[in-house]
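Chemist: The structure file upload-v5.tsv (TSV, C-alpha atoms and all ligand atoms) is provided below.
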chain	number	residue	atom	x	y	z
A	20	MET	CA	105.35	-95.00	-26.87
A	21	ALA	CA	103.20	-97.17	-24.63
A	22	GLU	CA	101.46	-100.15	-26.15
A	23	LYS	CA	97.90	-99.52	-27.20
A	24	LYS	CA	95.35	-100.61	-24.65
A	25	GLN	CA	93.31	-103.64	-25.65
A	26	HIS	CA	89.66	-103.34	-24.67
A	27	THR	CA	86.83	-105.79	-24.39
A	28	TYR	CA	83.52	-104.63	-25.83
A	29	VAL	CA	79.91	-104.87	-24.72
A	30	SER	CA	77.05	-103.89	-27.00
A	31	ALA	CA	74.50	-101.50	-25.48
A	32	ASP	CA	71.87	-103.13	-27.72
A	33	THR	CA	72.24	-106.63	-26.35
A	34	ASN	CA	74.26	-106.09	-23.17
A	35	LYS	CA	76.49	-108.92	-24.37
A	36	PRO	CA	80.23	-109.02	-25.06
A	37	THR	CA	81.16	-108.73	-28.72
A	38	SER	CA	84.28	-108.47	-30.80
A	39	LYS	CA	85.69	-105.03	-31.57
A	40	PRO	CA	82.88	-103.13	-33.27
A	41	LYS	CA	83.42	-101.39	-36.56
A	42	ALA	CA	83.56	-97.67	-36.03
A	43	LYS	CA	80.30	-96.30	-37.28
A	44	LYS	CA	80.24	-92.80	-38.58
A	45	THR	CA	77.09	-91.87	-40.38
A	46	THR	CA	76.23	-88.54	-41.79
A	47	THR	CA	73.92	-86.78	-39.42
A	48	THR	CA	70.58	-85.33	-40.27
A	49	PRO	CA	69.38	-82.09	-38.69
A	50	SER	CA	66.58	-83.92	-36.90
A	51	GLY	CA	69.04	-86.24	-35.26
A	52	LYS	CA	67.12	-89.19	-36.70
A	53	THR	CA	69.24	-92.13	-37.62
A	54	ALA	CA	68.90	-94.55	-40.48
A	55	LYS	CA	69.24	-97.75	-38.51
A	56	GLU	CA	67.23	-97.89	-35.33
A	57	ALA	CA	69.24	-98.99	-32.32
A	58	ALA	CA	67.56	-100.89	-29.52
A	59	PRO	CA	65.06	-98.62	-27.74
A	60	VAL	CA	66.47	-97.06	-24.58
A	61	GLY	CA	63.34	-97.78	-22.56
A	62	ASN	CA	59.95	-96.37	-21.77
A	63	ALA	CA	60.26	-93.22	-19.66
A	64	THR	CA	56.59	-93.31	-18.64
A	65	ALA	CA	56.90	-96.85	-17.29
A	66	PHE	CA	59.92	-95.81	-15.22
A	67	ARG	CA	58.06	-92.77	-13.87
A	68	VAL	CA	55.03	-94.88	-12.91
A	69	ALA	CA	57.32	-97.33	-11.11
A	70	ALA	CA	59.02	-94.44	-9.30
A	71	VAL	CA	55.72	-92.89	-8.17
A	72	GLY	CA	54.42	-96.29	-7.02
A	73	LEU	CA	57.51	-96.88	-4.90
A	74	TRP	CA	57.32	-93.37	-3.48
A	75	ILE	CA	53.68	-93.91	-2.43
A	76	VAL	CA	54.77	-97.06	-0.56
A	77	ALA	CA	57.53	-94.99	1.09
A	78	ILE	CA	55.09	-92.32	2.32
A	79	VAL	CA	52.65	-94.99	3.59
A	80	CYS	CA	55.51	-96.52	5.60
A	81	GLU	CA	56.30	-93.10	7.04
A	82	ILE	CA	52.65	-92.50	8.01
A	83	LEU	CA	52.52	-95.90	9.74
A	84	ALA	CA	55.77	-95.10	11.56
A	85	VAL	CA	54.32	-91.77	12.77
A	86	LEU	CA	51.08	-93.46	13.93
A	87	LEU	CA	53.05	-96.12	15.80
A	88	PHE	CA	55.38	-93.58	17.35
A	89	THR	CA	52.58	-91.32	18.56
A	90	GLY	CA	50.60	-94.28	19.89
A	91	LYS	CA	47.67	-93.78	17.48
A	92	LEU	CA	48.38	-97.25	16.17
A	93	ASN	CA	49.18	-100.14	18.41
A	94	TRP	CA	50.66	-103.27	16.92
A	95	THR	CA	51.50	-105.65	19.71
A	96	PHE	CA	53.14	-108.45	17.72
A	97	MET	CA	56.51	-106.73	17.85
A	98	ASN	CA	58.40	-104.12	19.81
A	99	THR	CA	57.19	-100.71	18.61
A	100	LEU	CA	60.65	-99.23	18.13
A	101	THR	CA	61.75	-102.28	16.11
A	102	LEU	CA	58.65	-101.91	13.95
A	103	ILE	CA	59.35	-98.21	13.41
A	104	ILE	CA	62.94	-98.96	12.37
A	105	ILE	CA	61.75	-101.64	9.93
A	106	LEU	CA	59.22	-99.20	8.44
A	107	LEU	CA	61.91	-96.52	8.08
A	108	VAL	CA	64.21	-99.01	6.32
A	109	VAL	CA	61.45	-100.01	3.87
A	110	ASP	CA	60.68	-96.31	3.45
A	111	LEU	CA	64.35	-95.65	2.60
A	112	ALA	CA	64.59	-98.60	0.19
A	113	CYS	CA	61.51	-97.36	-1.71
A	114	VAL	CA	62.78	-93.76	-1.77
A	115	ILE	CA	66.12	-94.87	-3.25
A	116	ALA	CA	64.68	-97.36	-5.77
A	117	GLY	CA	62.06	-94.80	-6.85
A	118	ALA	CA	64.75	-92.16	-7.36
A	119	GLN	CA	66.80	-94.51	-9.57
A	120	PHE	CA	63.74	-95.18	-11.79
A	121	TRP	CA	62.96	-91.47	-11.89
A	122	LYS	CA	66.53	-90.54	-12.90
A	123	LYS	CA	66.45	-93.25	-15.58
A	124	ALA	CA	63.24	-91.72	-16.96
A	125	ASN	CA	64.84	-88.25	-16.93
A	126	HIS	CA	67.74	-89.54	-19.00
A	127	ILE	CA	65.42	-91.15	-21.55
A	128	ASP	CA	62.96	-88.27	-21.72
A	129	PRO	CA	64.61	-85.19	-20.19
A	130	ALA	CA	62.70	-82.08	-19.16
A	131	SER	CA	63.18	-78.94	-21.24
A	132	GLU	CA	65.25	-76.04	-19.93
A	133	LYS	CA	62.56	-73.72	-21.34
A	134	ASN	CA	60.43	-74.45	-18.30
A	135	PRO	CA	62.89	-73.78	-15.45
A	136	LEU	CA	60.49	-74.80	-12.67
A	137	LYS	CA	59.67	-78.15	-14.24
A	138	PHE	CA	63.31	-78.69	-15.14
A	139	TRP	CA	64.34	-78.08	-11.53
A	140	LEU	CA	61.51	-80.19	-10.11
A	141	TRP	CA	62.15	-83.11	-12.48
A	142	ASN	CA	65.86	-83.16	-11.70
A	143	ASN	CA	65.43	-82.84	-7.94
A	144	MET	CA	62.36	-85.00	-7.44
A	145	GLY	CA	64.34	-87.78	-5.75
A	146	VAL	CA	65.63	-85.39	-3.09
A	147	ILE	CA	62.27	-83.65	-2.64
A	148	VAL	CA	60.46	-86.96	-2.11
A	149	CYS	CA	63.18	-88.05	0.30
A	150	ALA	CA	62.57	-84.89	2.36
A	151	PHE	CA	58.83	-85.65	2.46
A	152	ALA	CA	59.54	-89.24	3.38
A	153	PHE	CA	61.52	-88.47	6.55
A	154	ILE	CA	61.26	-84.85	7.74
A	155	PRO	CA	57.59	-85.08	8.87
A	156	PHE	CA	58.45	-88.19	10.88
A	157	ILE	CA	61.38	-86.38	12.50
A	158	ILE	CA	59.15	-83.41	13.41
A	159	PHE	CA	56.44	-85.67	14.87
A	160	ALA	CA	59.03	-87.64	16.83
A	161	LEU	CA	60.77	-84.55	18.19
A	162	THR	CA	57.56	-82.84	19.25
A	163	ASP	CA	55.93	-85.92	20.81
A	164	LYS	CA	55.60	-85.35	24.53
A	165	ASN	CA	54.79	-88.91	25.56
A	166	ALA	CA	57.63	-90.89	24.02
A	167	ASP	CA	60.49	-91.85	26.28
A	168	LYS	CA	63.81	-90.18	25.63
A	169	GLN	CA	65.68	-93.25	24.42
A	170	THR	CA	63.00	-94.28	21.90
A	171	LYS	CA	62.83	-90.72	20.68
A	172	THR	CA	66.62	-90.43	20.27
A	173	ILE	CA	66.96	-93.74	18.40
A	174	ALA	CA	63.99	-93.06	16.09
A	175	VAL	CA	65.12	-89.53	15.25
A	176	ILE	CA	68.71	-90.60	14.56
A	177	ALA	CA	67.50	-93.48	12.36
A	178	ALA	CA	65.24	-91.15	10.36
A	179	ALA	CA	67.96	-88.48	10.05
A	180	VAL	CA	70.48	-91.03	8.75
A	181	ALA	CA	67.86	-92.34	6.29
A	182	LEU	CA	67.19	-88.76	5.18
A	183	LEU	CA	70.87	-88.21	4.41
A	184	ILE	CA	71.38	-91.54	2.61
A	185	GLY	CA	68.15	-91.17	0.62
A	186	GLY	CA	68.96	-87.58	-0.26
A	187	ALA	CA	72.45	-88.44	-1.50
A	188	ALA	CA	71.08	-91.36	-3.54
A	189	GLY	CA	68.29	-89.22	-4.95
A	190	ILE	CA	70.53	-86.52	-6.41
A	191	ASP	CA	71.05	-86.70	-10.16
A	192	TYR	CA	74.73	-85.82	-10.34
A	193	HIS	CA	74.61	-85.62	-14.14
A	194	PRO	CA	71.28	-84.12	-15.10
A	195	VAL	CA	70.52	-83.69	-18.76
A	196	SER	CA	68.06	-81.37	-20.48
A	197	GLN	CA	65.94	-82.09	-23.52
A	198	GLU	CA	67.93	-79.42	-25.42
A	199	GLN	CA	71.27	-80.98	-24.43
A	200	LYS	CA	70.15	-84.41	-25.55
A	201	GLN	CA	68.74	-83.13	-28.85
A	202	GLU	CA	71.93	-81.18	-29.52
A	203	ALA	CA	74.12	-84.21	-28.83
A	204	MET	CA	71.91	-86.40	-31.03
A	205	SER	CA	71.88	-83.93	-33.90
A	206	VAL	CA	75.67	-83.42	-33.79
A	207	LEU	CA	76.65	-87.05	-33.27
A	208	GLY	CA	73.72	-88.77	-34.97
A	209	ASP	CA	74.26	-92.50	-35.07
A	210	GLU	CA	77.99	-92.25	-34.47
A	211	GLN	CA	79.33	-94.96	-32.25
A	212	VAL	CA	80.29	-93.84	-28.78
A	213	TYR	CA	81.98	-95.72	-25.94
A	214	TRP	CA	81.77	-95.62	-22.17
A	215	THR	CA	83.28	-97.50	-19.27
A	216	THR	CA	81.63	-99.24	-16.33
A	217	PHE	CA	82.31	-96.46	-13.86
A	218	GLY	CA	83.09	-93.55	-16.19
A	219	LYS	CA	80.89	-90.48	-16.26
A	220	VAL	CA	81.37	-89.48	-19.90
A	221	TYR	CA	81.09	-91.06	-23.34
A	222	HIS	CA	83.87	-91.10	-25.91
A	223	THR	CA	83.86	-90.97	-29.70
A	224	HIS	CA	87.15	-92.91	-29.86
A	225	ASP	CA	87.90	-96.23	-28.20
A	226	ASP	CA	91.61	-95.38	-28.27
A	227	CYS	CA	91.05	-92.14	-26.32
A	228	GLN	CA	93.81	-91.39	-23.82
A	229	ALA	CA	91.24	-91.27	-21.01
A	230	LEU	CA	90.43	-94.94	-21.69
A	231	ASN	CA	93.99	-96.23	-21.27
A	232	ASN	CA	93.22	-97.74	-17.88
A	233	SER	CA	89.83	-99.16	-18.82
A	234	ASP	CA	89.32	-102.73	-19.85
A	235	ALA	CA	85.64	-103.15	-20.72
A	236	LEU	CA	83.91	-100.65	-22.99
A	237	THR	CA	80.22	-100.48	-23.74
A	238	TYR	CA	79.35	-99.08	-27.14
A	239	GLY	CA	76.17	-97.71	-28.60
A	240	ASN	CA	74.79	-94.46	-29.92
A	241	VAL	CA	74.68	-91.21	-27.97
A	242	GLU	CA	71.04	-91.73	-26.97
A	243	GLN	CA	72.00	-95.01	-25.33
A	244	ALA	CA	74.97	-93.34	-23.63
A	245	ILE	CA	72.73	-90.63	-22.15
A	246	ALA	CA	70.16	-93.23	-21.04
A	247	ALA	CA	73.07	-94.98	-19.32
A	248	HIS	CA	73.73	-91.72	-17.40
A	249	ARG	CA	76.77	-90.68	-19.46
A	250	THR	CA	75.42	-87.26	-20.28
A	251	ARG	CA	78.58	-85.54	-21.48
A	252	LEU	CA	81.19	-86.07	-24.13
A	253	CYS	CA	84.80	-86.61	-23.10
A	254	ALA	CA	86.71	-83.33	-23.52
A	255	PHE	CA	89.67	-85.11	-25.17
A	256	CYS	CA	87.40	-86.68	-27.79
A	257	ALA	CA	85.59	-83.37	-28.34
A	258	LYS	CA	88.91	-81.66	-28.97
A	259	ARG	CA	90.13	-84.46	-31.25
A	260	ASP	CA	87.00	-84.38	-33.40
A	261	ASP	CA	86.65	-80.62	-33.09
A	262	ILE	CA	83.12	-81.09	-31.83
A	263	THR	CA	81.44	-78.04	-30.37
A	264	GLY	CA	77.96	-77.52	-29.02
A	265	VAL	CA	77.84	-80.85	-27.19
A	266	ALA	CA	78.08	-80.82	-23.40
A	267	THR	CA	81.55	-81.95	-22.43
A	268	ASP	CA	83.10	-82.91	-19.16
A	269	LYS	CA	84.53	-79.80	-17.51
A	270	ALA	CA	86.65	-81.75	-15.03
A	271	VAL	CA	88.28	-83.70	-17.84
A	272	ASP	CA	88.63	-80.46	-19.73
A	273	GLU	CA	90.66	-79.02	-16.88
A	274	ILE	CA	92.80	-82.14	-16.61
A	275	GLY	CA	93.26	-81.95	-20.36
A	276	GLU	CA	94.54	-78.43	-20.04
A	277	ILE	CA	96.84	-79.37	-17.17
A	278	VAL	CA	98.25	-82.20	-19.28
A	279	GLN	CA	98.61	-79.84	-22.22
A	280	ASP	CA	100.41	-77.33	-20.00
A	281	ALA	CA	102.79	-80.04	-18.81
A	282	VAL	CA	103.47	-81.02	-22.43
A	283	ASP	CA	104.10	-77.36	-23.32
A	284	ASP	CA	106.43	-76.98	-20.36
A	285	ALA	CA	108.39	-80.06	-21.36
A	286	ALA	CA	108.80	-78.83	-24.93
B	301	ZN	ZN	87.60	-89.60	-24.83
Please, can you express the file's structure as structure tokens?
Modeler:
Amino acid sequence: MAEKKQHTYVSADTNKPTSKPKAKKTTTTPSGKTAKEAAPVGNATAFRVAAVGLWIVAIVCEILAVLLFTGKLNWTFMNTLTLIIILLVVDLACVIAGAQFWKKANHIDPASEKNPLKFWLWNNMGVIVCAFAFIPFIIFALTDKNADKQTKTIAVIAAAVALLIGGAAGIDYHPVSQEQKQEAMSVLGDEQVYWTTFGKVYHTHDDCQALNNSDALTYGNVEQAIAAHRTRLCAFCAKRDDITGVATDKAVDEIGEIVQDAVDDAA
């Protein structure tokens, strides 16, 4: 039997290293309310306002880039193509930063699945804004008759690359719905959960087999885990605690079954 992995612990409340926390298992209430309030996970509205503000800056940069490209605006203090590239870079930075704030807000205050259009829009807003932030520029650049070929090629390639990077960064790879979050909170209540720096799931046990290679663990309640973008419960932990009804990690589930098959074969 391998030696048990020793972890270091970071509290989600304070973001500071602590000693091994006492496992906290409280009885859950149907409302999902907990007796002791953990540190608030953040203000979703503030994150959304920040996102929208950054996105407005992004679109303004794009408009300026279009005006410069088409010659409607003439800034002589710098080479026009250089200026356009700078504007596209600022545009991209704002698109990406805005999308991170937006995703954070979605994990604190998720949209309900009951409204499929809003749910889709809320979870894909980062990608949609990215499309608006670069595709019009690309169309204007491609259809401009006056620009020289080289300028056109460089500007279009720059905008296309920005579109791809911004789109990839804008995707929420682990979206969560209001129902999913409520379900997880009502099942797990204030129970302590753990997650790793790069892991995609949260665990109910710090000695979970999936954590054998992880050194630092952050611990908090499930609401904090979801706000930290760990939207699903580890399939090993779910099986161990016989937890159903909480979104689990399918990929881990499959690995779990493969491992189980290997164990069965060996027996
Ligand atoms: Zn686990």
Chemist: Rounded to one decimal place, report the atom CA of A:Asp234-atom CA of A:Lys39 distance in Å.
Modeler: 12.5 Å
Chemist: Could you produce a table of the residues of chain A lying within 7 Å of ligand ZN 301 (chain B), with the nearest pair of atoms per residue and their separation in Å rounded to one decimal, using all atoms listed in the file, ordered by chain and increasing residue number, as JSON lines?
Modeler:
{"residue": "A:Tyr221", "atom": "CA", "partner": "B:ZN301", "partner_atom": "ZN", "distance": 6.8}
{"residue": "A:His222", "atom": "CA", "partner": "B:ZN301", "partner_atom": "ZN", "distance": 4.2}
{"residue": "A:Thr223", "atom": "CA", "partner": "B:ZN301", "partner_atom": "ZN", "distance": 6.3}
{"residue": "A:His224", "atom": "CA", "partner": "B:ZN301", "partner_atom": "ZN", "distance": 6.0}
{"residue": "A:Cys227", "atom": "CA", "partner": "B:ZN301", "partner_atom": "ZN", "distance": 4.5}
{"residue": "A:Gln228", "atom": "CA", "partner": "B:ZN301", "partner_atom": "ZN", "distance": 6.5}
{"residue": "A:Ala229", "atom": "CA", "partner": "B:ZN301", "partner_atom": "ZN", "distance": 5.5}
{"residue": "A:Leu230", "atom": "CA", "partner": "B:ZN301", "partner_atom": "ZN", "distance": 6.8}
{"residue": "A:Cys253", "atom": "CA", "partner": "B:ZN301", "partner_atom": "ZN", "distance": 4.4}
{"residue": "A:Ala254", "atom": "CA", "partner": "B:ZN301", "partner_atom": "ZN", "distance": 6.5}
{"residue": "A:Phe255", "atom": "CA", "partner": "B:ZN301", "partner_atom": "ZN", "distance": 5.0}
{"residue": "A:Cys256", "atom": "CA", "partner": "B:ZN301", "partner_atom": "ZN", "distance": 4.2}
Chemist: Taking only C-alpha atoms into account, which of A:Thr99, A:Asn125, A:Gln199, A:Gln211 comes nearest A:Ala42?
Modeler: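 Selected residue with least distance to A:Ala42: A:Gln211.
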Chemist: Nearest to A:Gly189: which of A:Ala118, A:Val109, A:Val71, A:Val148 is it, counting only C-alpha atoms?
Modeler: A:Ala118
Chemist: Name the residues in contact with stretch 57-62 of chain A at a cut-off of 8 Å, using only C-alpha atoms, excluding same-chain residues fewer than 3 positions from it; report them as a list in words.
Modeler: Asp32, Ala65, Phe66, Ala124, Ile127, Gly239, Asn240, Glu242, Gln243 and Ala246 of chain A
Chemist: So that I can see what lies close to A:Thr263, please list as a list in words the residues with an atom at most 12 Å from it, counting all atoms listed in the file and leaving out residues fewer than 4 positions away in the same chain.
Modeler: Glu202, Ala203, Ser205, Val206, Leu207, Arg251, Leu252, Cys253, Ala254, Cys256, Ala257, Lys258, Arg259 and Thr267 of chain A
